[in-house]
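**Student:** First, the structure itself, so that you have it in front of you.
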Amino acid sequence: MWAYAARRVVIGVMLLLALTLVTFVLFFASPADQARHACGKQCTDEQIAVTEKALGYDKPVYEQWGMFVKGLATGREFPADPELKKTHPEFITDCDAPCLGYSKTNGKTVNYLIGKAAPVSVSLAVVAVVLWLAFGVSLGIIAAVVKGSIIDRGIVGLTLIIYAFPTFFLGVFFLKFVVVKWGILAYPGYVSIAEGGVANWLNNLLLPGMTLALVFLASYVRMTRAFVLESLGEDYIRTARAKGLTSRRVLFKHALRAALTPLVTMTGIDFASLLGGAIITEQVFAYNGMGKLTVDSSQAWDLPTIIGIVVVAGAFVILANIIVDICYALIDPRVRLG
Amino acid sequence: MNNEHFLSVNDLQVHFKTADGIVKATDGLSYTLDRGKTLGIVGESGSGKSVSSSAIMGLHQGTSARIEGNVWLDGVDLLTLSPPEMRKLRGKEIAMIFQDPLSALHPYYTVGHQIAEAYRVHNAVSKKHARKKVVEMLELVGIPQPERRFDGYPHEYSGGMRQRAMIAMALINDPSLLIADEPTTALDVTVQAQILDLLQKLQKEFNTAIIMITHDLGVVAEMADDALVMYAGRAVEYGPVSEVLTHPEMPYTWGLLSSVPDVTADTDIPMVPIPGNPPSLLNQPPGCAFQPRCVHSSKVPGDLCKTTMPDLLPGSHGGSGHLTRCHLPNPELIYETEVAHDVTPTQSEER
Ligand SMILES: Nc1ncnc2c1ncn2[C@@H]1O[C@H](COP(=O)(O)OP(=O)(O)O)[C@@H](O)[C@H]1O
Ligand SMILES: [Mg+2]
């Protein structure tokens, strides 16, 4: 299994490199003047030329990409141009491996920016995934068990109604009522565990986490319900009942084991994509996570940051896929890795 | 009646309420079975064999099925038991094996674990003790290296081995009644024979009563003491195997007998399938359910076959033990003159 995992990681890394190459080519193919955007609106032509040189934008795309990849492996210094280094030593910024680049817009390395934003998005994603799994799966199981009843219809109907609301509406609704009108929770603002402890961290993540979880809730309820019903109709469930097992044991041991397996894939992929940022939720709650960083850097044509985000988000998705496949092999004895 | 026989099914009805109407999957079914004996239930797919037998197991509990009649087992009417009482009998007094052993076993648990579970749910024993018992059972049903195979998963077993494991699971609590629902249908011919032999051997050892469900009259000929032919949810012919297979009196049974391919005969006797399809069990018309497919119904005076359902009554041969549901006045003569030569000799001469 470890050999398999290692092979998958190698393939994943190559995939990631291909991803960065495509991103590079796409961005440099765009008509926008990268150096002008990086330098700022007030820059003189001379300043733009310096910026272009400092960031290596004067080099061909493949060379820039080569420097990027080398930076990932060994780290790099900005500016890269030896002449500039000599004339403007005060500009020099170190970027340790894996160096994702330097954002002139922010005057910081991309590693620093993502290092700030990622914990926010990860926290948000963790809280959301726990909430939607806890509620989505249990509601889905209940709906399946009482299939066709009022409760079943109520659960499915309600989650669908929630699903129909746009995310920003749910977020604003929570802010307006839970925080402003009823005063149940304080206005959320991200506090890291290191700064405020777990309770404080969680308290602040409750509303944005809930907002995000509600977006996924409906599909998880319906999926769980469908998978449990399918599993309950299997022959091995009839065998389990024919043995004289209690209906509880039939459900929890025999039906759920098979029914919940496909949810592993969905959860893995959904969770991984959230790590790359939940744009709307972060925007509504003014959380400076990956989503916010994506929006800001896109608007500012902050190319190095965007590439950094693409690499990190891509890495999350690739990693999640590997973990999901390994989980499958652990859950289902029929699955052979290799 | 209820105390004479070990199992006595009496006017059993299993009806499903569906959106299209009531499906009468089993209607007015009665039969008896004694310890150590085998009843063969035959009929085409959809004739209600599985549904009626699952009713004995209480497997319809918690579904939309409406069940009526009595199922006396050892003096207790199973249909009056509460779900928890029925659950205690399931797998202990009455066990069942199914058609497709691969789908009947849970793919995620080892075979040994699944059999041990059947044992431990009815016996308060340690895991270790259960394992020992399961290994014994696996050995008994002829699984080589049972100690090692205990930890194998269903997909690592061959089809025949899986069915052997299912038999081990069913018999581990020494049930007095075993329902085998087409246990060999999904298996190769050679494996089929092995499984039937195994069942017969174990039946002698445990004195188990067996309901052998099949659509293969060859299986009935080999295994059963009594035969019950089902059509559209009802018994159409019922009696000792020697009677039913050698002096069948119902055209549906004739059709089944003629459609058995004879693998041993070297003569070119054509296989005669029964033309047409089984009727829908929804809104059945009056009259004999088999009439639309029956080539002999013209020999019945008037349109009796279309208007009146025949009762299940003693036929002209074999006395009161051989029941048939047919309007034909002289079925024995028709069989001898028109049908018997189509029937492969191995079938009728087996006993
Ligand atoms: N839960 C159910 N609801 C409605 N109809 C059913 C249900 N289960 C079985 N039936 C119907 O009952 C009939 C008999 O089925 P079954 O006993 O499985 O036949 P077989 O003789 O092949 O074992 C079939 O026509 C089937 O469609
Ligand atoms: Mg069946």
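Residues are named by chain letter and number: chains run A, B, ... in the order of the structure tokens, numbers start at 1 in each chain, and ligands are numbered from 1 in the order shown.
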Near Ala19 (chain B), within 12 Å and counting only C-alpha atoms, which residues show up once chain neighbours fewer than 4 positions away are dropped, as a PyMOL selection string?
**Tutor:** chain B and resi 23+64+282
**Student:** As a PyMOL selection string, list the residues of region 37-277 of chain A assigned to helix (DSSP H, G or I) by DSSP on the backbone atoms of this structure.
**Tutor:** chain A and resi 37-39+45-54+61-74+82-87+89-91+110-145+150-164+167-181+193-232+235-242+247-259+261-275
**Student:** Could you list the protein, DNA and RNA residues that have any atom within 10 Å of ligand 2, counting only C-alpha atoms and all ligand atoms, and write them as number ranges by chain?
**Tutor:** B: 43-54, 98-99, 181-182, 213-215
**Student:** I need the contact residues of chain A against chain B, so if you could list those with any atom within 9 Å, counting only C-alpha atoms, and return them as an MDAnalysis selection string, that would help.
**Tutor:** chainID A and resid 234:246 254 257:258 331:334
**Student:** For the residues in that selection, give me C-alpha atoms as a PDB file, in the first residue's frame.
**Tutor:**
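Output saved as result_33.pdb:
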```pdb
ATOM      1  CA  GLU A 234     -29.492  -5.858  -0.993  1.00  0.00           C
ATOM      2  CA  ASP A 235     -29.575  -9.620  -0.642  1.00  0.00           C
ATOM      3  CA  TYR A 236     -27.081  -9.579   2.210  1.00  0.00           C
ATOM      4  CA  ILE A 237     -29.518  -7.526   4.264  1.00  0.00           C
ATOM      5  CA  ARG A 238     -32.091 -10.295   3.831  1.00  0.00           C
ATOM      6  CA  THR A 239     -29.407 -12.756   4.959  1.00  0.00           C
ATOM      7  CA  ALA A 240     -28.656 -10.627   8.004  1.00  0.00           C
ATOM      8  CA  ARG A 241     -32.344 -10.563   8.913  1.00  0.00           C
ATOM      9  CA  ALA A 242     -32.676 -14.290   8.252  1.00  0.00           C
ATOM     10  CA  LYS A 243     -29.925 -14.866  10.828  1.00  0.00           C
ATOM     11  CA  GLY A 244     -32.156 -13.330  13.466  1.00  0.00           C
ATOM     12  CA  LEU A 245     -30.206 -10.111  13.960  1.00  0.00           C
ATOM     13  CA  THR A 246     -32.047  -7.173  15.476  1.00  0.00           C
ATOM     14  CA  HIS A 254     -24.760  -4.349   7.677  1.00  0.00           C
ATOM     15  CA  ARG A 257     -21.186  -0.030   6.225  1.00  0.00           C
ATOM     16  CA  ALA A 258     -21.950  -0.404   2.541  1.00  0.00           C
ATOM     17  CA  ILE A 331     -13.059  -0.134   3.844  1.00  0.00           C
ATOM     18  CA  ASP A 332     -13.798  -2.498   0.969  1.00  0.00           C
ATOM     19  CA  PRO A 333     -11.783  -5.729   0.912  1.00  0.00           C
ATOM     20  CA  ARG A 334     -12.615  -6.220  -2.774  1.00  0.00           C
TER      21      ARG A 334
END
```
**Student:** Report as an MDAnalysis selection string all protein, DNA and RNA residues lying within 10 Å of Thr308 (chain B), evaluated on only C-alpha atoms, omitting residues in the same chain fewer than 2 positions from it.
**Tutor:** chainID B and resid 285:289 303:306 310:311 327
**Student:** DSSP on the backbone: which residues in region 66-203 of chain B end up as strand (DSSP E or B)? Give the answer as a list of chain:residue names.
**Tutor:** B:Arg66, B:Ile67, B:Glu68, B:Gly69, B:Asn70, B:Val71, B:Trp72, B:Leu73, B:Val76, B:Asp77, B:Arg90, B:Ile94, B:Ala95, B:Met96, B:Ile97, B:Leu177, B:Leu178, B:Ile179, B:Ala180, B:Asp181
**Student:** Grab the residues selected above and save them as a compact mmCIF listing (two decimals), in the first residue's frame with C-alpha atoms.
**Tutor:**
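Written out: part09.txt:
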```txt
# COMPACT_ATOMS: atom_id res chain seq x y z
CA ARG B 66 -50.61 -8.39 4.25
CA ILE B 67 -50.38 -11.95 5.45
CA GLU B 68 -53.20 -14.24 6.44
CA GLY B 69 -53.64 -17.89 7.32
CA ASN B 70 -51.61 -20.01 9.70
CA VAL B 71 -48.11 -21.34 9.76
CA TRP B 72 -47.95 -23.94 12.49
CA LEU B 73 -44.44 -24.92 13.43
CA VAL B 76 -46.95 -22.61 17.40
CA ASP B 77 -48.62 -20.36 14.85
CA ARG B 90 -35.13 -16.84 12.72
CA ILE B 94 -35.84 -21.82 10.86
CA ALA B 95 -32.96 -21.01 8.58
CA MET B 96 -32.78 -20.06 4.95
CA ILE B 97 -30.29 -20.22 2.11
CA LEU B 177 -36.54 -26.28 9.33
CA LEU B 178 -34.34 -25.21 6.44
CA ILE B 179 -35.74 -23.23 3.54
CA ALA B 180 -33.48 -23.55 0.51
CA ASP B 181 -34.57 -20.98 -2.07
```
**Student:** Would you mind telling me which residue in A:Val264, A:Leu160, A:Ile307, A:Ala144 lies nearest to Gly233 (chain A) when using only C-alpha atoms?
**Tutor:**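 Using only C-alpha atoms, Gly233 (chain A) sits closest to A:Ala144.
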**Student:** Can you list, as a list in words, every protein, DNA or RNA residue that comes within 8 Å of Gly189 (chain A) when you count only C-alpha atoms, leaving out same-chain residues fewer than 6 positions away?
**Tutor:**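 The residues that qualify are Asn204, Leu205, Phe285, Ala286 and Tyr287 of chain A.
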**Student:** Could you list, as a PyMOL selection string, every residue within 7 Å of region 105-119 of chain A, counting only C-alpha atoms and ignoring same-chain residues fewer than 3 positions away?
**Tutor:** chain A and resi 38+95+99-102+122-123+288-290+302+304-305+308
**Student:** Export, as a compact mmCIF listing (two decimals), in the first residue's frame, the selected residues with all heavy atoms.
**Tutor:**
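Full text of again_19.txt as output:
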```
# COMPACT_ATOMS: atom_id res chain seq x y z
N ALA A 38 1.64 44.67 -11.80
CA ALA A 38 2.42 44.39 -10.59
C ALA A 38 2.94 45.69 -9.97
O ALA A 38 2.98 45.85 -8.75
CB ALA A 38 3.58 43.46 -10.91
N CYS A 95 12.83 33.73 -0.23
CA CYS A 95 11.62 32.90 -0.29
C CYS A 95 12.07 31.46 -0.21
O CYS A 95 12.66 30.93 -1.15
CB CYS A 95 10.87 33.19 -1.59
SG CYS A 95 9.38 32.20 -1.80
N CYS A 99 9.07 27.57 -2.63
CA CYS A 99 8.72 28.96 -2.88
C CYS A 99 7.64 29.06 -3.94
O CYS A 99 7.78 28.54 -5.05
CB CYS A 99 9.95 29.72 -3.33
SG CYS A 99 9.55 31.42 -3.72
N LEU A 100 6.56 29.72 -3.59
CA LEU A 100 5.43 29.84 -4.52
C LEU A 100 5.48 31.15 -5.29
O LEU A 100 4.63 31.40 -6.14
CB LEU A 100 4.11 29.74 -3.75
CG LEU A 100 3.85 28.40 -3.08
CD1 LEU A 100 2.69 28.50 -2.11
CD2 LEU A 100 3.57 27.33 -4.12
N GLY A 101 6.44 32.02 -4.95
CA GLY A 101 6.54 33.26 -5.71
C GLY A 101 6.50 34.48 -4.80
O GLY A 101 6.46 34.36 -3.56
N TYR A 102 6.56 35.64 -5.46
CA TYR A 102 6.59 36.90 -4.72
C TYR A 102 5.50 37.81 -5.27
O TYR A 102 5.39 38.03 -6.47
CB TYR A 102 7.96 37.55 -4.88
CG TYR A 102 8.09 38.88 -4.20
CD1 TYR A 102 8.32 38.95 -2.82
CD2 TYR A 102 7.98 40.06 -4.92
CE1 TYR A 102 8.43 40.18 -2.19
CE2 TYR A 102 8.09 41.29 -4.30
CZ TYR A 102 8.32 41.34 -2.92
OH TYR A 102 8.42 42.55 -2.31
N VAL A 122 -8.96 26.41 6.09
CA VAL A 122 -8.94 25.04 6.63
C VAL A 122 -9.88 24.94 7.82
O VAL A 122 -10.69 24.01 7.92
CB VAL A 122 -7.50 24.63 7.02
CG1 VAL A 122 -7.50 23.30 7.77
CG2 VAL A 122 -6.62 24.54 5.77
N SER A 123 -9.82 25.93 8.73
CA SER A 123 -10.69 25.91 9.90
C SER A 123 -12.15 25.91 9.47
O SER A 123 -12.97 25.12 9.97
CB SER A 123 -10.45 27.15 10.77
OG SER A 123 -9.12 27.20 11.16
N ASN A 288 -10.52 36.46 6.12
CA ASN A 288 -9.44 36.56 5.15
C ASN A 288 -8.83 35.20 4.86
O ASN A 288 -7.70 34.91 5.20
CB ASN A 288 -8.37 37.53 5.66
CG ASN A 288 -8.93 38.94 5.73
OD1 ASN A 288 -9.65 39.38 4.83
ND2 ASN A 288 -8.63 39.65 6.82
N GLY A 289 -9.62 34.36 4.21
CA GLY A 289 -9.15 33.02 3.87
C GLY A 289 -8.70 32.98 2.42
O GLY A 289 -8.48 34.01 1.78
N MET A 290 -8.59 31.76 1.92
CA MET A 290 -8.11 31.55 0.55
C MET A 290 -9.09 32.13 -0.47
O MET A 290 -8.68 32.61 -1.53
CB MET A 290 -7.93 30.05 0.28
CG MET A 290 -6.91 29.40 1.16
SD MET A 290 -5.23 29.71 0.60
CE MET A 290 -5.12 28.49 -0.70
N ASP A 302 -2.77 40.02 -9.56
CA ASP A 302 -1.59 39.61 -8.80
C ASP A 302 -1.24 38.17 -9.19
O ASP A 302 -1.56 37.20 -8.49
CB ASP A 302 -1.92 39.72 -7.31
CG ASP A 302 -0.73 39.36 -6.44
OD1 ASP A 302 0.33 38.98 -6.99
OD2 ASP A 302 -0.88 39.45 -5.21
N PRO A 304 1.48 36.11 -9.42
CA PRO A 304 2.18 35.11 -8.59
C PRO A 304 1.28 34.53 -7.51
O PRO A 304 1.32 33.32 -7.23
CB PRO A 304 3.33 35.91 -7.97
CG PRO A 304 3.52 37.07 -8.88
CD PRO A 304 2.17 37.41 -9.42
N THR A 305 0.44 35.35 -6.89
CA THR A 305 -0.45 34.85 -5.84
C THR A 305 -1.46 33.88 -6.42
O THR A 305 -1.75 32.83 -5.83
CB THR A 305 -1.17 36.02 -5.15
OG1 THR A 305 -0.19 36.96 -4.74
CG2 THR A 305 -1.96 35.54 -3.96
N GLY A 308 0.14 30.65 -7.04
CA GLY A 308 0.34 29.99 -5.74
C GLY A 308 -0.94 29.33 -5.25
O GLY A 308 -0.93 28.18 -4.80
```
**Student:** May I ask which of the residues B:Ser280, B:Asn207, B:Gln61, B:Gln163 is the closest one to ligand 1, counting only C-alpha atoms and all ligand atoms?
**Tutor:**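 When distances to ligand 1 are compared using only C-alpha atoms and all ligand atoms, the smallest one comes from B:Ser280.
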